[in-house]
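Novice: Here it is: the structure, laid out below.
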Amino acid sequence: MKKAYLILEDGNVFAGGAFGAIQETVGEVVFTTAMTGYIETLTDPSYYGQIVVQSFPLIGNYGINTEDFEAKKPALKAYIVKVPCETPSNFRSTQSLDAYLKSCGVAGLYGIDTRKLVKIIRNAGVLNGKIVYSPPTRNDKQQALDYSVKAPVSKVTCGETPETGAGEKRIALIDYGAKNGIEAELLRRGCTVKRFPFHTAAQDILRYNPNGIMLSNGPGNPADPANAQAVETLRALQKSFVPMFGICLGHQLLALANGYTTRKLKFGHRGANQPVKDTGSGRVYITSQNHGYEVIADNSSFINVNDGTCEGLDYGHSFSVQFHPEACGGPLDTSFLFDRFIERIESHAKK
C-alpha cells in the first residue's frame, strides 16, 4: 500500500492509502451521503474544484460503465472513500474504480476514518484540503488554506454543440456544467435540445427560436463575479417570456436575475436523501442534491425539511428548483417537474 495523506486547512491530518492517479492535489473538501450513484457523482460537473468524500463506506462494487456518465470526464479534484471495491460485479462494468481514476488522472485516498472527516466538516463547515504522499508540512497546510475555486463554470461549460432529438419543441439548454440526465429527460419527452455555452448572449439564444429554455446545474458560487454576464443574460431572456426551468445553479442564477441574494451553506446539501416540501400542497418528496449555496427567499415553492432553506421559486412563466429532478443517481419523486415545464411551454404557445 502506498501511503497518502489528507491535510485540512485547520491542521487535521488523515493517513491512508493511495489509489487512482498518484498526484498531489488541493481542493475544497465536501461530502456526499449517497449510498449509490458514485459513477454519477464522479462525473457530475458541479463537483469542479472539490475533493469529494463518500460517507457510505464501500464504493465501487458495481464497477464503472460509461452509460451512467453525467459528463465525459470527472471535474472533481480527488476522491476519498473508506473501502474501494477491487473486484466489482456487474454485467455492464468495464473497469474498476481504481482503473478509472488512474485513466482520468484523478487522485484517490482510502482507508481513512471517513466518518470522523465528515463530522469535522459538519461541525466546522466546508474546509480546503491537500492530498500528499509524504507526511504533510506547514507549506502543504498553507496551500490548502490559500486555495479557492475560481470561475468554475467557464471550465465545465460546453462548446458549440449540434441539436439532439427530433421533437417539435425546441429547448435551449444553457450549459453551466450540465448533467447528461437533464438532456435525457427532455429527450424522453419528445423535445429537440441544443446546448449553449454559458456565455452565449441572449439574442443568440433567442435566434434559435426556442419554445423553452433550460438552465442547468453547475459548480461554484452563483454570485461569483465571473457569473455576472450570465445573470444579465437571464434578465434579458425573461423579457421574451419564453418559459424557463432552472435546476441547481440555474435556480440560483435565475434568482439573482430576479433580485434575490444567495449565501454559502455551512456544509451544503449533497446526497440522494434530502426531504423537500411543496409549500402549496404540503407534500414531501425525497430528492437528490449537490450544492453549497442557497437562495434567500421567503416565498419558496419548495423548502428543505431539514433546515428550511429555499428549494424552489415560481415566477409564473418560469420556475426553478434547487434539487435534481433528473435524479441520476437518486430518487425519481420529482421527475414530474419536467412534465410541468412542457405544460408551461404548451400553455405559452396558446397565448
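Chain labels follow the order of the C-alpha cells: the first chain is A, the next B, and so on; residue numbering restarts at 1 in every chain, and ligands are counted from 1 in their shown order.
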Identify, on the basis of only C-alpha atoms, every residue whose closest approach to segment 227-233 of chain A does not exceed 7 Å; exclude the query and any residue fewer than 2 positions from it along the same chain; express the result as JSON, numbers by chain.
Specialist: {"A": [198, 199, 201, 202, 222, 223, 224, 225, 235, 236, 237, 253, 254, 256, 257]}
Novice: List every residue of segment 147-264 of chain A that DSSP, applied to the backbone of this structure, places in strand (DSSP E or B), and write the result as a ChimeraX atom specification.
Specialist: /A:164,169-175,191-197,212-215,244-247,261-264
Novice: Within 7 Å of segment 65-79 of chain A, counting only C-alpha atoms, which residues show up once you throw out same-chain ones fewer than 6 positions away? Write them as a VMD selection string, please.
Specialist: chain A and resid 25 27 39 to 40 42 to 45 47 to 53 92 to 94 106 to 109 179 to 181
Novice: Give me the residues within 10 Å of Val118 of chain A as JSON, numbers by chain, counting only C-alpha atoms and dropping any in the same chain fewer than 2 places off.
Specialist: {"A": [29, 30, 31, 32, 33, 53, 54, 55, 113, 114, 115, 116, 120, 121, 122, 123, 124, 125, 126, 267]}
Novice: Write out the residues from the selection above, keeping N, CA, C and O atoms, as a CSV table (one decimal), in the first residue's frame.
Specialist:
```
chain,number,residue,atom,x,y,z
A,29,VAL,N,-12.9,20.4,0.3
A,29,VAL,CA,-13.3,19.0,0.8
A,29,VAL,C,-14.8,19.1,1.1
A,29,VAL,O,-15.2,19.8,2.1
A,30,VAL,N,-15.6,18.3,0.4
A,30,VAL,CA,-17.0,18.2,0.7
A,30,VAL,C,-17.4,16.7,0.8
A,30,VAL,O,-16.7,15.8,0.3
A,31,PHE,N,-18.6,16.4,1.4
A,31,PHE,CA,-19.0,15.0,1.5
A,31,PHE,C,-20.4,14.8,0.9
A,31,PHE,O,-21.2,15.8,0.8
A,32,THR,N,-20.7,13.6,0.4
A,32,THR,CA,-22.0,13.2,-0.1
A,32,THR,C,-22.4,12.0,0.7
A,32,THR,O,-21.6,11.1,1.0
A,33,THR,N,-23.7,12.0,1.0
A,33,THR,CA,-24.3,10.9,1.8
A,33,THR,C,-24.9,9.8,0.9
A,33,THR,O,-25.5,8.9,1.4
A,53,VAL,N,-15.8,13.4,-0.6
A,53,VAL,CA,-15.7,12.3,0.4
A,53,VAL,C,-17.1,11.5,0.3
A,53,VAL,O,-18.1,12.1,0.4
A,54,GLN,N,-17.0,10.2,0.2
A,54,GLN,CA,-18.2,9.4,0.2
A,54,GLN,C,-18.4,8.9,1.7
A,54,GLN,O,-17.5,8.3,2.3
A,55,SER,N,-19.6,9.3,2.3
A,55,SER,CA,-19.8,8.9,3.7
A,55,SER,C,-20.2,7.4,3.7
A,55,SER,O,-19.9,6.7,4.8
A,113,ASP,N,-10.6,7.4,8.3
A,113,ASP,CA,-11.8,7.4,9.1
A,113,ASP,C,-12.7,8.4,8.4
A,113,ASP,O,-12.7,9.6,8.8
A,114,THR,N,-13.5,8.0,7.4
A,114,THR,CA,-14.3,9.0,6.7
A,114,THR,C,-15.5,9.5,7.6
A,114,THR,O,-15.9,10.6,7.4
A,115,ARG,N,-15.9,8.7,8.6
A,115,ARG,CA,-16.9,9.1,9.5
A,115,ARG,C,-16.4,10.4,10.3
A,115,ARG,O,-17.1,11.3,10.5
A,116,LYS,N,-15.2,10.3,10.8
A,116,LYS,CA,-14.6,11.4,11.5
A,116,LYS,C,-14.4,12.6,10.6
A,116,LYS,O,-14.7,13.7,11.1
A,120,ILE,N,-16.1,16.4,11.2
A,120,ILE,CA,-15.3,17.6,11.2
A,120,ILE,C,-15.9,18.7,10.3
A,120,ILE,O,-16.1,19.8,10.7
A,121,ILE,N,-16.3,18.3,9.1
A,121,ILE,CA,-16.8,19.2,8.1
A,121,ILE,C,-18.2,19.7,8.6
A,121,ILE,O,-18.5,20.9,8.4
A,122,ARG,N,-19.0,18.8,9.1
A,122,ARG,CA,-20.3,19.2,9.6
A,122,ARG,C,-20.2,20.2,10.8
A,122,ARG,O,-21.0,21.1,10.9
A,123,ASN,N,-19.2,20.1,11.6
A,123,ASN,CA,-19.0,21.0,12.8
A,123,ASN,C,-18.3,22.3,12.4
A,123,ASN,O,-18.7,23.3,12.8
A,124,ALA,N,-17.3,22.2,11.5
A,124,ALA,CA,-16.5,23.4,11.2
A,124,ALA,C,-17.0,24.1,9.9
A,124,ALA,O,-16.7,25.2,9.7
A,125,GLY,N,-17.8,23.3,9.1
A,125,GLY,CA,-18.1,23.8,7.8
A,125,GLY,C,-17.1,23.3,6.7
A,125,GLY,O,-16.1,22.7,7.1
A,126,VAL,N,-17.4,23.6,5.5
A,126,VAL,CA,-16.5,23.1,4.4
A,126,VAL,C,-15.1,23.6,4.6
A,126,VAL,O,-14.9,24.8,4.9
A,267,PHE,N,-22.2,23.4,5.2
A,267,PHE,CA,-21.5,22.2,4.6
A,267,PHE,C,-22.3,21.7,3.4
A,267,PHE,O,-21.9,20.7,2.8
```
Novice: As a list of chain:residue names, please: the residues near Tyr176 of chain A (cut-off 7 Å, only C-alpha atoms, same-chain neighbours under 3 positions excluded).
Specialist: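 The neighbour list is A:Val153, A:Val156, A:Thr157, A:Phe198, A:Ser216, A:Asn217, A:Gly218.
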Novice: Could those selected residues go to a file with N, CA and C atoms, as a compact mmCIF listing (two decimals), in the first residue's frame?
Specialist:
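Everything below was put into selection-v9.txt:
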```
# COMPACT_ATOMS: atom_id res chain seq x y z
N VAL A 153 -17.49 27.76 -13.73
CA VAL A 153 -18.45 27.50 -14.81
C VAL A 153 -17.76 27.53 -16.16
N VAL A 156 -16.32 24.14 -17.20
CA VAL A 156 -17.15 22.95 -17.43
C VAL A 156 -18.27 23.16 -18.44
N THR A 157 -18.45 24.38 -18.93
CA THR A 157 -19.49 24.62 -19.92
C THR A 157 -19.12 23.97 -21.24
N PHE A 198 -22.39 28.87 -21.49
CA PHE A 198 -22.99 29.79 -20.51
C PHE A 198 -22.80 31.25 -20.88
N SER A 216 -29.14 24.82 -16.55
CA SER A 216 -28.58 23.61 -15.94
C SER A 216 -27.97 23.85 -14.57
N ASN A 217 -27.57 22.76 -13.98
CA ASN A 217 -26.74 22.77 -12.77
C ASN A 217 -25.34 23.26 -13.12
N GLY A 218 -24.51 23.40 -12.11
CA GLY A 218 -23.13 23.80 -12.34
C GLY A 218 -22.42 24.06 -11.02
```
Novice: If we count only C-alpha atoms, what is near Tyr133 of chain A at a cut-off of 7 Å, once residues fewer than 3 positions away on the same chain are taken out, given as number ranges by chain?
Specialist: A: 3-5
Novice: Since we have the selection now, will you write its residues out, keeping N, CA and C atoms, as a PDB file, in the first residue's frame?
Specialist:
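After the write, again21.pdb holds the following:
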```
ATOM      1  N   LYS A   3       1.408   4.965   0.858  1.00  0.00           N
ATOM      2  CA  LYS A   3       0.841   5.902   1.815  1.00  0.00           C
ATOM      3  C   LYS A   3       0.365   7.176   1.122  1.00  0.00           C
ATOM      4  N   ALA A   4      -0.735   7.708   1.629  1.00  0.00           N
ATOM      5  CA  ALA A   4      -1.236   9.006   1.176  1.00  0.00           C
ATOM      6  C   ALA A   4      -1.835   9.719   2.374  1.00  0.00           C
ATOM      7  N   TYR A   5      -1.836  11.043   2.317  1.00  0.00           N
ATOM      8  CA  TYR A   5      -2.312  11.837   3.443  1.00  0.00           C
ATOM      9  C   TYR A   5      -3.240  12.945   2.941  1.00  0.00           C
TER      10      TYR A   5
END
```
Novice: Find the residue from A:Gln142, A:Thr164, A:Ser288, A:Thr279 that sits nearest to Gly312 of chain A; use only C-alpha atoms when measuring.
Specialist: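 Among the listed residues, the smallest separation from Gly312 of chain A belongs to A:Thr279.
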Novice: Please compute the atom CA of Asp298 of chain A-atom CA of Cys310 of chain A distance, one decimal, in Å.
Specialist: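 Rounded to one decimal, the two atoms are 7.9 Å apart.
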Novice: Determine, counting only C-alpha atoms, which protein, DNA and RNA residues have an atom within 10 Å of an atom of segment 167-175 of chain A; residues of the same chain fewer than 2 positions away are not included. Present the result as a PDB file with C-alpha atoms, in the first residue's frame.
Specialist:
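And here's selection14.pdb as it stands now:
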```pdb
ATOM      1  CA  VAL A 153     -18.450  27.499 -14.806  1.00  0.00           C
ATOM      2  CA  SER A 154     -16.116  28.551 -17.607  1.00  0.00           C
ATOM      3  CA  VAL A 156     -17.150  22.948 -17.431  1.00  0.00           C
ATOM      4  CA  THR A 157     -19.495  24.619 -19.921  1.00  0.00           C
ATOM      5  CA  CYS A 158     -19.861  23.125 -23.385  1.00  0.00           C
ATOM      6  CA  GLY A 159     -18.537  24.326 -26.718  1.00  0.00           C
ATOM      7  CA  GLU A 163     -29.017  19.509 -31.792  1.00  0.00           C
ATOM      8  CA  THR A 164     -30.096  16.201 -30.287  1.00  0.00           C
ATOM      9  CA  GLY A 165     -33.547  14.684 -30.704  1.00  0.00           C
ATOM     10  CA  GLY A 177     -21.969  22.375 -16.233  1.00  0.00           C
ATOM     11  CA  ALA A 178     -24.999  20.347 -17.269  1.00  0.00           C
ATOM     12  CA  LYS A 179     -25.540  16.750 -16.226  1.00  0.00           C
ATOM     13  CA  ILE A 182     -31.208  16.727 -17.757  1.00  0.00           C
ATOM     14  CA  GLU A 183     -30.947  16.451 -21.517  1.00  0.00           C
ATOM     15  CA  LEU A 186     -36.103  16.382 -22.166  1.00  0.00           C
ATOM     16  CA  LEU A 187     -35.436  13.910 -24.981  1.00  0.00           C
ATOM     17  CA  ARG A 188     -37.749  11.374 -23.311  1.00  0.00           C
ATOM     18  CA  ARG A 189     -40.496  13.965 -23.587  1.00  0.00           C
ATOM     19  CA  GLY A 190     -40.058  14.376 -27.308  1.00  0.00           C
ATOM     20  CA  CYS A 191     -38.002  17.575 -27.324  1.00  0.00           C
ATOM     21  CA  THR A 192     -35.192  18.731 -29.566  1.00  0.00           C
ATOM     22  CA  VAL A 193     -32.341  20.004 -27.405  1.00  0.00           C
ATOM     23  CA  LYS A 194     -29.474  22.326 -28.274  1.00  0.00           C
ATOM     24  CA  ARG A 195     -26.837  23.195 -25.690  1.00  0.00           C
ATOM     25  CA  PHE A 196     -25.464  26.721 -25.484  1.00  0.00           C
ATOM     26  CA  PRO A 197     -22.255  27.756 -23.647  1.00  0.00           C
ATOM     27  CA  PHE A 198     -22.990  29.788 -20.514  1.00  0.00           C
ATOM     28  CA  HIS A 199     -21.512  32.968 -22.034  1.00  0.00           C
ATOM     29  CA  THR A 200     -23.890  32.946 -25.036  1.00  0.00           C
ATOM     30  CA  ILE A 205     -30.204  32.078 -27.774  1.00  0.00           C
ATOM     31  CA  LEU A 206     -33.456  33.699 -28.894  1.00  0.00           C
ATOM     32  CA  TYR A 208     -32.643  29.722 -32.130  1.00  0.00           C
ATOM     33  CA  ASN A 209     -36.371  30.437 -31.563  1.00  0.00           C
ATOM     34  CA  PRO A 210     -36.682  28.086 -28.572  1.00  0.00           C
ATOM     35  CA  ASN A 211     -40.028  27.008 -27.158  1.00  0.00           C
ATOM     36  CA  GLY A 212     -38.400  26.689 -23.738  1.00  0.00           C
ATOM     37  CA  ILE A 213     -35.090  27.476 -22.035  1.00  0.00           C
ATOM     38  CA  MET A 214     -33.462  25.025 -19.639  1.00  0.00           C
ATOM     39  CA  LEU A 215     -30.941  26.344 -17.080  1.00  0.00           C
ATOM     40  CA  SER A 216     -28.584  23.614 -15.944  1.00  0.00           C
ATOM     41  CA  ASN A 217     -26.744  22.770 -12.770  1.00  0.00           C
ATOM     42  CA  GLY A 218     -23.126  23.803 -12.337  1.00  0.00           C
ATOM     43  CA  ALA A 230     -24.804  35.050 -17.195  1.00  0.00           C
ATOM     44  CA  PRO A 243     -40.735  29.602 -20.290  1.00  0.00           C
ATOM     45  CA  MET A 244     -37.597  28.771 -18.341  1.00  0.00           C
ATOM     46  CA  PHE A 245     -36.818  25.907 -15.963  1.00  0.00           C
ATOM     47  CA  GLY A 246     -33.748  26.179 -13.743  1.00  0.00           C
ATOM     48  CA  GLY A 250     -29.608  27.531 -12.848  1.00  0.00           C
ATOM     49  CA  ILE A 342     -43.612  21.011 -21.005  1.00  0.00           C
ATOM     50  CA  ILE A 345     -44.345  25.617 -22.868  1.00  0.00           C
ATOM     51  CA  GLU A 346     -47.632  24.415 -24.344  1.00  0.00           C
TER      52      GLU A 346
END
```
Novice: Please identify the alpha helix (DSSP H) residues within segment 102-264 of chain A (assignment by DSSP from backbone atoms) and present them as a count of residues only.
Specialist: 62
Novice: For a quick check of understanding, using only C-alpha atoms, which of A:Ile286, A:Ile296, A:Val305, A:Ala15 has the smallest distance to Asp333 of chain A?
Specialist: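 Smallest distance to Asp333 of chain A is found for A:Ile286.
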Novice: Please determine, counting only C-alpha atoms, which residue among A:Asp204, A:Val132, A:Pro88, A:Leu8 has the shortest atom-to-atom distance to Tyr147 of chain A.
Specialist: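 Of the candidates, the smallest distance to Tyr147 of chain A is held by A:Leu8.
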Novice: Using only C-alpha atoms, which of A:Arg138, A:His251, A:Arg270, A:Arg283 sits nearest Gln322 of chain A?
Specialist: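 Result for the nearest residue to Gln322 of chain A: A:His251.
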